[in-house]
Structure formats: structure tokens, C-alpha cells
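Below is the file final_30.cif, which contains mmCIF, N, CA, C and O atoms.
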data_structure
#
loop_
_atom_site.label_atom_id
_atom_site.label_comp_id
_atom_site.auth_asym_id
_atom_site.auth_seq_id
_atom_site.Cartn_x
_atom_site.Cartn_y
_atom_site.Cartn_z
N MET N 13 65.79 205.86 113.38
CA MET N 13 66.85 205.00 113.89
C MET N 13 67.92 204.71 112.84
O MET N 13 68.90 204.06 113.15
N ALA N 14 67.74 205.19 111.63
CA ALA N 14 68.71 204.87 110.57
C ALA N 14 70.10 205.42 110.92
O ALA N 14 71.09 204.69 110.82
N LEU N 15 70.17 206.67 111.30
CA LEU N 15 71.46 207.27 111.64
C LEU N 15 72.06 206.60 112.87
O LEU N 15 73.26 206.29 112.90
N THR N 16 71.25 206.35 113.87
CA THR N 16 71.72 205.69 115.09
C THR N 16 72.28 204.30 114.77
O THR N 16 73.36 203.93 115.24
N ASN N 17 71.56 203.53 113.97
CA ASN N 17 72.03 202.19 113.62
C ASN N 17 73.31 202.25 112.79
O ASN N 17 74.22 201.44 112.98
N TYR N 18 73.38 203.19 111.88
CA TYR N 18 74.60 203.35 111.07
C TYR N 18 75.80 203.67 111.97
O TYR N 18 76.87 203.05 111.84
N LEU N 19 75.62 204.60 112.89
CA LEU N 19 76.72 204.96 113.79
C LEU N 19 77.08 203.80 114.71
O LEU N 19 78.26 203.55 114.97
N LEU N 20 76.07 203.08 115.19
CA LEU N 20 76.32 201.94 116.07
C LEU N 20 77.08 200.83 115.34
O LEU N 20 78.02 200.25 115.89
N GLN N 21 76.71 200.57 114.08
CA GLN N 21 77.45 199.58 113.28
C GLN N 21 78.90 200.02 113.10
O GLN N 21 79.82 199.20 113.18
N SER N 22 79.10 201.30 112.85
CA SER N 22 80.46 201.81 112.66
C SER N 22 81.29 201.65 113.93
O SER N 22 82.45 201.24 113.88
N ILE N 23 80.70 201.97 115.07
CA ILE N 23 81.40 201.85 116.35
C ILE N 23 81.73 200.38 116.63
O ILE N 23 82.87 200.04 116.99
N ILE N 24 80.75 199.50 116.47
CA ILE N 24 80.97 198.08 116.71
C ILE N 24 82.09 197.54 115.81
O ILE N 24 83.01 196.85 116.27
N CYS N 25 82.02 197.86 114.53
CA CYS N 25 83.00 197.31 113.58
C CYS N 25 84.39 197.89 113.79
O CYS N 25 85.38 197.15 113.66
N THR N 26 84.50 199.16 114.14
CA THR N 26 85.85 199.68 114.41
C THR N 26 86.42 199.06 115.67
O THR N 26 87.62 198.79 115.74
N LEU N 27 85.56 198.80 116.66
CA LEU N 27 86.06 198.14 117.87
C LEU N 27 86.48 196.69 117.59
O LEU N 27 87.39 196.17 118.24
N LEU N 28 85.83 196.07 116.65
CA LEU N 28 86.20 194.69 116.30
C LEU N 28 87.44 194.62 115.43
O LEU N 28 88.29 193.75 115.62
N PHE N 29 87.55 195.52 114.45
CA PHE N 29 88.57 195.36 113.41
C PHE N 29 89.81 196.24 113.57
O PHE N 29 90.87 195.86 113.10
N TYR N 30 89.70 197.38 114.19
CA TYR N 30 90.87 198.27 114.29
C TYR N 30 91.75 197.89 115.47
O TYR N 30 91.33 197.21 116.40
N SER N 31 92.97 198.39 115.45
CA SER N 31 93.96 197.99 116.46
C SER N 31 93.62 198.47 117.87
O SER N 31 94.06 197.86 118.83
N TYR N 32 92.83 199.53 118.01
CA TYR N 32 92.45 199.97 119.35
C TYR N 32 91.34 199.10 119.94
O TYR N 32 90.96 199.28 121.09
N GLY N 33 90.84 198.17 119.15
CA GLY N 33 89.86 197.20 119.62
C GLY N 33 90.47 195.81 119.60
O GLY N 33 91.57 195.60 120.12
N LEU N 34 89.81 194.90 118.95
CA LEU N 34 90.29 193.52 118.89
C LEU N 34 91.29 193.28 117.76
O LEU N 34 91.94 192.24 117.73
N GLY N 35 91.38 194.21 116.82
CA GLY N 35 92.37 194.09 115.74
C GLY N 35 92.14 192.91 114.81
O GLY N 35 93.09 192.25 114.39
N LEU N 36 90.90 192.64 114.45
CA LEU N 36 90.58 191.49 113.63
C LEU N 36 90.67 191.75 112.12
O LEU N 36 90.39 190.84 111.34
N PHE N 37 91.07 192.94 111.72
CA PHE N 37 91.15 193.24 110.29
C PHE N 37 92.12 192.28 109.60
O PHE N 37 93.24 192.08 110.03
N GLY N 38 91.66 191.64 108.52
CA GLY N 38 92.47 190.70 107.78
C GLY N 38 92.53 189.31 108.38
O GLY N 38 93.14 188.42 107.83
N LYS N 39 91.90 189.14 109.54
CA LYS N 39 91.93 187.84 110.22
C LYS N 39 90.59 187.11 110.16
O LYS N 39 90.50 185.97 110.59
N VAL N 40 89.58 187.78 109.62
CA VAL N 40 88.24 187.20 109.54
C VAL N 40 87.95 186.86 108.08
O VAL N 40 88.09 187.70 107.21
N GLY N 41 87.56 185.62 107.85
CA GLY N 41 87.25 185.19 106.48
C GLY N 41 85.90 185.71 106.01
O GLY N 41 85.16 186.36 106.77
N HIS N 42 85.58 185.40 104.74
CA HIS N 42 84.34 185.89 104.16
C HIS N 42 83.11 185.36 104.89
O HIS N 42 82.18 186.11 105.18
N ALA N 43 83.08 184.08 105.16
CA ALA N 43 81.93 183.47 105.82
C ALA N 43 81.74 184.05 107.22
O ALA N 43 80.62 184.38 107.63
N ALA N 44 82.83 184.20 107.96
CA ALA N 44 82.74 184.77 109.30
C ALA N 44 82.31 186.24 109.24
O ALA N 44 81.55 186.71 110.09
N GLY N 45 82.77 186.96 108.22
CA GLY N 45 82.37 188.36 108.04
C GLY N 45 80.88 188.48 107.77
O GLY N 45 80.21 189.35 108.34
N ILE N 46 80.36 187.61 106.93
CA ILE N 46 78.92 187.61 106.65
C ILE N 46 78.14 187.22 107.91
O ILE N 46 77.12 187.83 108.24
N GLY N 47 78.63 186.23 108.63
CA GLY N 47 77.99 185.83 109.89
C GLY N 47 77.98 186.96 110.90
O GLY N 47 76.97 187.22 111.56
N LEU N 48 79.09 187.66 111.01
CA LEU N 48 79.18 188.80 111.93
C LEU N 48 78.22 189.91 111.53
O LEU N 48 77.55 190.51 112.38
N THR N 49 78.12 190.14 110.23
CA THR N 49 77.18 191.13 109.71
C THR N 49 75.76 190.78 110.11
O THR N 49 75.00 191.65 110.58
N LEU N 50 75.40 189.53 109.92
CA LEU N 50 74.04 189.09 110.28
C LEU N 50 73.78 189.20 111.77
O LEU N 50 72.69 189.61 112.18
N VAL N 51 74.76 188.85 112.59
CA VAL N 51 74.59 188.95 114.05
C VAL N 51 74.36 190.39 114.47
O VAL N 51 73.43 190.69 115.24
N ILE N 52 75.17 191.31 113.97
CA ILE N 52 75.01 192.72 114.31
C ILE N 52 73.63 193.21 113.87
O ILE N 52 72.90 193.85 114.64
N TYR N 53 73.26 192.90 112.63
CA TYR N 53 71.98 193.32 112.09
C TYR N 53 70.82 192.74 112.89
O TYR N 53 69.86 193.44 113.24
N LEU N 54 70.89 191.44 113.21
CA LEU N 54 69.81 190.79 113.94
C LEU N 54 69.70 191.25 115.39
O LEU N 54 68.64 191.13 116.01
N LEU N 55 70.77 191.79 115.95
CA LEU N 55 70.70 192.39 117.28
C LEU N 55 70.12 193.81 117.23
O LEU N 55 69.45 194.25 118.15
N GLN N 56 70.39 194.50 116.13
CA GLN N 56 69.89 195.87 116.01
C GLN N 56 68.39 195.93 115.78
O GLN N 56 67.74 196.88 116.20
N ILE N 57 67.83 194.94 115.12
CA ILE N 57 66.39 194.95 114.84
C ILE N 57 65.56 194.97 116.13
O ILE N 57 64.72 195.86 116.31
N PRO N 58 65.75 194.03 117.07
CA PRO N 58 64.93 194.09 118.29
C PRO N 58 65.25 195.32 119.14
O PRO N 58 64.34 195.89 119.77
N PHE N 59 66.52 195.75 119.15
CA PHE N 59 66.85 196.97 119.90
C PHE N 59 66.11 198.17 119.31
O PHE N 59 65.54 198.98 120.05
N SER N 60 66.09 198.28 117.98
CA SER N 60 65.41 199.39 117.33
C SER N 60 63.91 199.37 117.59
O SER N 60 63.29 200.40 117.85
N ARG N 61 63.32 198.19 117.53
CA ARG N 61 61.87 198.06 117.82
C ARG N 61 61.59 198.47 119.26
O ARG N 61 60.64 199.20 119.53
N TRP N 62 62.39 197.97 120.21
CA TRP N 62 62.22 198.32 121.61
C TRP N 62 62.33 199.82 121.80
O TRP N 62 61.51 200.43 122.50
N TRP N 63 63.34 200.44 121.21
CA TRP N 63 63.57 201.87 121.36
C TRP N 63 62.41 202.68 120.78
O TRP N 63 61.91 203.61 121.42
N MET N 64 61.99 202.33 119.57
CA MET N 64 60.96 203.11 118.89
C MET N 64 59.57 202.96 119.52
O MET N 64 58.71 203.80 119.33
N GLN N 65 59.36 201.91 120.30
CA GLN N 65 58.11 201.79 121.05
C GLN N 65 58.04 202.80 122.19
O GLN N 65 56.96 203.16 122.64
N ARG N 66 59.18 203.27 122.64
CA ARG N 66 59.25 204.17 123.78
C ARG N 66 59.56 205.62 123.40
O ARG N 66 59.17 206.54 124.11
N PHE N 67 60.27 205.80 122.30
CA PHE N 67 60.76 207.13 121.94
C PHE N 67 60.37 207.48 120.51
O PHE N 67 60.20 206.61 119.67
N GLN N 68 60.28 208.80 120.24
CA GLN N 68 59.92 209.28 118.91
C GLN N 68 61.06 209.15 117.92
O GLN N 68 60.84 208.95 116.73
N TYR N 69 62.28 209.32 118.40
CA TYR N 69 63.46 209.34 117.54
C TYR N 69 64.54 208.45 118.14
O TYR N 69 64.59 208.24 119.34
N GLY N 70 65.47 208.04 117.28
CA GLY N 70 66.67 207.39 117.77
C GLY N 70 67.53 208.43 118.48
O GLY N 70 67.35 209.64 118.29
N PRO N 71 68.49 208.01 119.31
CA PRO N 71 69.31 208.96 120.05
C PRO N 71 70.08 209.93 119.14
O PRO N 71 70.12 211.13 119.41
N ALA N 72 70.66 209.43 118.06
CA ALA N 72 71.41 210.31 117.15
C ALA N 72 70.46 211.24 116.41
O ALA N 72 70.76 212.42 116.20
N GLU N 73 69.29 210.74 116.02
CA GLU N 73 68.30 211.57 115.33
C GLU N 73 67.79 212.67 116.25
O GLU N 73 67.60 213.81 115.83
N TRP N 74 67.56 212.33 117.53
CA TRP N 74 67.11 213.32 118.50
C TRP N 74 68.16 214.41 118.67
O TRP N 74 67.84 215.60 118.68
N LEU N 75 69.42 214.01 118.81
CA LEU N 75 70.49 214.99 118.97
C LEU N 75 70.60 215.88 117.74
O LEU N 75 70.69 217.10 117.86
N TRP N 76 70.56 215.29 116.57
CA TRP N 76 70.64 216.05 115.32
C TRP N 76 69.48 217.05 115.22
O TRP N 76 69.66 218.21 114.87
N ARG N 77 68.27 216.59 115.52
CA ARG N 77 67.09 217.45 115.46
C ARG N 77 67.18 218.57 116.48
O ARG N 77 66.85 219.72 116.18
N SER N 78 67.62 218.26 117.69
CA SER N 78 67.74 219.28 118.73
C SER N 78 68.79 220.33 118.35
O SER N 78 68.58 221.53 118.57
N LEU N 79 69.91 219.90 117.79
CA LEU N 79 70.92 220.85 117.34
C LEU N 79 70.43 221.70 116.16
O LEU N 79 70.74 222.88 116.08
N THR N 80 69.67 221.08 115.27
CA THR N 80 69.15 221.80 114.11
C THR N 80 68.20 222.91 114.54
O THR N 80 68.28 224.04 114.05
N TYR N 81 67.31 222.62 115.50
CA TYR N 81 66.33 223.61 115.95
C TYR N 81 66.82 224.45 117.12
O TYR N 81 66.10 225.33 117.60
N LEU N 82 68.02 224.14 117.62
CA LEU N 82 68.60 224.85 118.78
C LEU N 82 67.66 224.82 119.98
O LEU N 82 67.53 225.79 120.73
N LYS N 83 66.99 223.70 120.14
CA LYS N 83 66.04 223.51 121.24
C LYS N 83 65.89 222.02 121.48
O LYS N 83 65.78 221.24 120.54
N LEU N 84 65.89 221.62 122.76
CA LEU N 84 65.71 220.19 123.06
C LEU N 84 64.34 219.75 122.57
O LEU N 84 63.32 220.36 122.89
N GLN N 85 64.32 218.72 121.78
CA GLN N 85 63.09 218.19 121.22
C GLN N 85 62.49 217.15 122.16
O GLN N 85 63.21 216.50 122.91
N PRO N 86 61.16 216.99 122.13
CA PRO N 86 60.56 215.93 122.95
C PRO N 86 61.07 214.57 122.48
O PRO N 86 61.20 214.34 121.28
N MET N 87 61.38 213.73 123.41
CA MET N 87 61.99 212.44 123.07
C MET N 87 60.99 211.29 123.19
O MET N 87 60.92 210.43 122.34
N ARG N 88 60.24 211.28 124.28
CA ARG N 88 59.33 210.17 124.54
C ARG N 88 58.12 210.21 123.64
O ARG N 88 57.68 211.25 123.21
N ARG N 89 57.57 209.05 123.37
CA ARG N 89 56.31 208.96 122.62
C ARG N 89 55.21 209.63 123.44
O ARG N 89 55.25 209.63 124.65
N GLY N 90 54.26 210.20 122.76
CA GLY N 90 53.14 210.83 123.46
C GLY N 90 53.37 212.31 123.70
O GLY N 90 52.56 212.97 124.33
N GLY N 91 54.50 212.86 123.24
CA GLY N 91 54.74 214.30 123.31
C GLY N 91 55.33 214.81 124.59
O GLY N 91 55.53 216.00 124.74
N ALA N 92 55.60 213.95 125.58
CA ALA N 92 56.21 214.43 126.82
C ALA N 92 57.63 214.89 126.53
O ALA N 92 58.36 214.25 125.80
N GLY N 93 58.01 216.02 127.07
CA GLY N 93 59.33 216.56 126.85
C GLY N 93 60.40 215.77 127.56
O GLY N 93 60.11 214.84 128.32
N LEU N 94 61.63 216.16 127.36
CA LEU N 94 62.77 215.45 127.94
C LEU N 94 62.71 215.43 129.47
O LEU N 94 63.02 214.44 130.10
N HIS N 95 62.27 216.53 130.07
CA HIS N 95 62.27 216.64 131.53
C HIS N 95 60.87 216.49 132.12
O HIS N 95 60.70 216.67 133.31
N GLU N 96 59.89 216.18 131.30
CA GLU N 96 58.54 216.02 131.79
C GLU N 96 58.26 214.55 132.02
O GLU N 96 58.79 213.69 131.35
N LYS N 97 57.36 214.29 132.96
CA LYS N 97 56.94 212.91 133.20
C LYS N 97 55.80 212.60 132.26
O LYS N 97 54.85 213.37 132.14
N PRO N 98 55.85 211.46 131.56
CA PRO N 98 54.79 211.11 130.62
C PRO N 98 53.44 210.97 131.32
O PRO N 98 53.37 210.47 132.43
N GLY N 99 52.39 211.44 130.66
CA GLY N 99 51.04 211.27 131.19
C GLY N 99 50.60 212.35 132.14
O GLY N 99 49.48 212.33 132.61
N ILE N 100 51.46 213.30 132.48
CA ILE N 100 51.09 214.38 133.39
C ILE N 100 50.91 215.65 132.59
O ILE N 100 51.81 216.06 131.87
N SER N 101 49.75 216.27 132.70
CA SER N 101 49.49 217.49 131.94
C SER N 101 49.69 218.72 132.79
O SER N 101 49.43 218.77 133.93
#
If you took the structure in this file and wrote it as C-alpha cells, what would it be?
Amino acid sequence: MALTNYLLQSIICTLLFYSYGLGLFGKVGHAAGIGLTLVIYLLQIPFSRWWMQRFQYGPAEWLWRSLTYLKLQPMRRGGAGLHEKPGIS
């Protein structure tokens, strides 16, 4: 989930700070910036735990791995493939 969280933080922050989003660059003080950082981080922790209980990889990690091996990798925990139903052999 490291790559997924990094990309998600980048997307969230560009939407908050750049002009195509809320345009908050230069308008947020240090304390608010630290608070915003903590909020984003504290939201990502439970999301990451929830995701990793169900899947082997984060979405970006799965995509990267699938592109590297030129084959769709199994995503769900327990070895079920992307198009297979879990628990059915």
C-alpha cells in the first residue's frame, strides 16, 4: 500500500492546493498544514487496513506488478484470481 498511499496523498494535496482544485497554496498556515497532514494520514490508516484485509496488494502495487509480469496478478487474499470467485476451486 506504500505506492498507493503516496499517490493518493499526491492526488489529494494537488486537488487541495493547486488552482485546478481549491487553490489553497499559500493560504494555509503551518498549524493548519500540520493538521491537514494528520487528517489525511489518519484517514489512510483505516482505509489501508480495510483494503489489506481483503486484497494482497494495493491498487497501484497490483497494477505495477501486473504490468511488470505482463499478466494480471491475483488480487484477492487467498489466491483467487481477478475474475475468479473466492473459495471456489
- line: Counting only C-alpha atoms, closest pick from N:Leu28, N:Met13, N:Leu82, N:Leu36 relative to Met64 of chain N is N:Met13
query: For the atom pair atom O of Ala43 of chain N and atom C of Arg61 of chain N, what is the interatomic distance in Å to one decimal place?
result: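 If I compute the distance from atom O of Ala43 of chain N to atom C of Arg61 of chain N, I get 26.4 Å.
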- request: May I ask for the distance between atom C of Phe59 of chain N and atom C of Glu73 of chain N, given in Å to one decimal place?
  value: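 The value is 14.9 Å.
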- prompt: Just so the selection is clear, what residues does the PyMOL selection byres (((chain N and resi 25 and name CA) around 10) and name CA) cover here, as a list of chain:residue names?
  reply: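 With the PyMOL selection byres (((chain N and resi 25 and name CA) around 10) and name CA) on this model, the match is N:Leu19, N:Leu20, N:Gln21, N:Ser22, N:Ile23, N:Ile24, N:Thr26, N:Leu27, N:Leu28, N:Phe29, N:Tyr30, N:Gly33, N:Leu34, N:Leu36, N:Phe37, N:Leu48, N:Thr49, N:Ile52.
What separates atom N of Pro71 of chain N from atom O of Thr16 of chain N is a distance of 7.5 Å.
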Do a neighbour search on Arg66 of chain N at 7 Å with only N, CA, C and O atoms, toss out local chain neighbours closer than 5 positions, and write the hits as a tab-separated table (two decimals) with N, CA, C and O atoms, in the frame of the given file.
chain	number	residue	atom	x	y	z
N	60	SER	N	66.09	198.28	117.98
N	60	SER	CA	65.41	199.39	117.33
N	60	SER	C	63.91	199.37	117.59
N	60	SER	O	63.29	200.40	117.85
N	61	ARG	N	63.32	198.19	117.53
N	61	ARG	CA	61.87	198.06	117.82
N	61	ARG	C	61.59	198.47	119.26
N	61	ARG	O	60.64	199.20	119.53
N	87	MET	N	61.38	213.73	123.41
N	87	MET	CA	61.99	212.44	123.07
N	87	MET	C	60.99	211.29	123.19
N	87	MET	O	60.92	210.43	122.34
N	88	ARG	N	60.24	211.28	124.28
N	88	ARG	CA	59.33	210.17	124.54
N	88	ARG	C	58.12	210.21	123.64
N	88	ARG	O	57.68	211.25	123.21
N	89	ARG	N	57.57	209.05	123.37
N	89	ARG	CA	56.31	208.96	122.62
N	89	ARG	C	55.21	209.63	123.44
N	89	ARG	O	55.25	209.63	124.65
N	90	GLY	N	54.26	210.20	122.76
N	90	GLY	CA	53.14	210.83	123.46
N	90	GLY	C	53.37	212.31	123.70
N	90	GLY	O	52.56	212.97	124.33
- request: Identify all residues of chain N in alpha helix (DSSP H) (DSSP on the backbone) and supply them as number ranges by chain.
  value: N: 14-29, 42-66, 71-81
Find the smallest box with edges along x, y and z containing every listed atom of segment 50-68 of chain N, then add 3 Å on each side and report centre and edge lengths in Å to one decimal, as JSON.
{"center_x": 66.2, "center_y": 199.1, "center_z": 117.0, "size_x": 24.4, "size_y": 26.4, "size_z": 20.2}
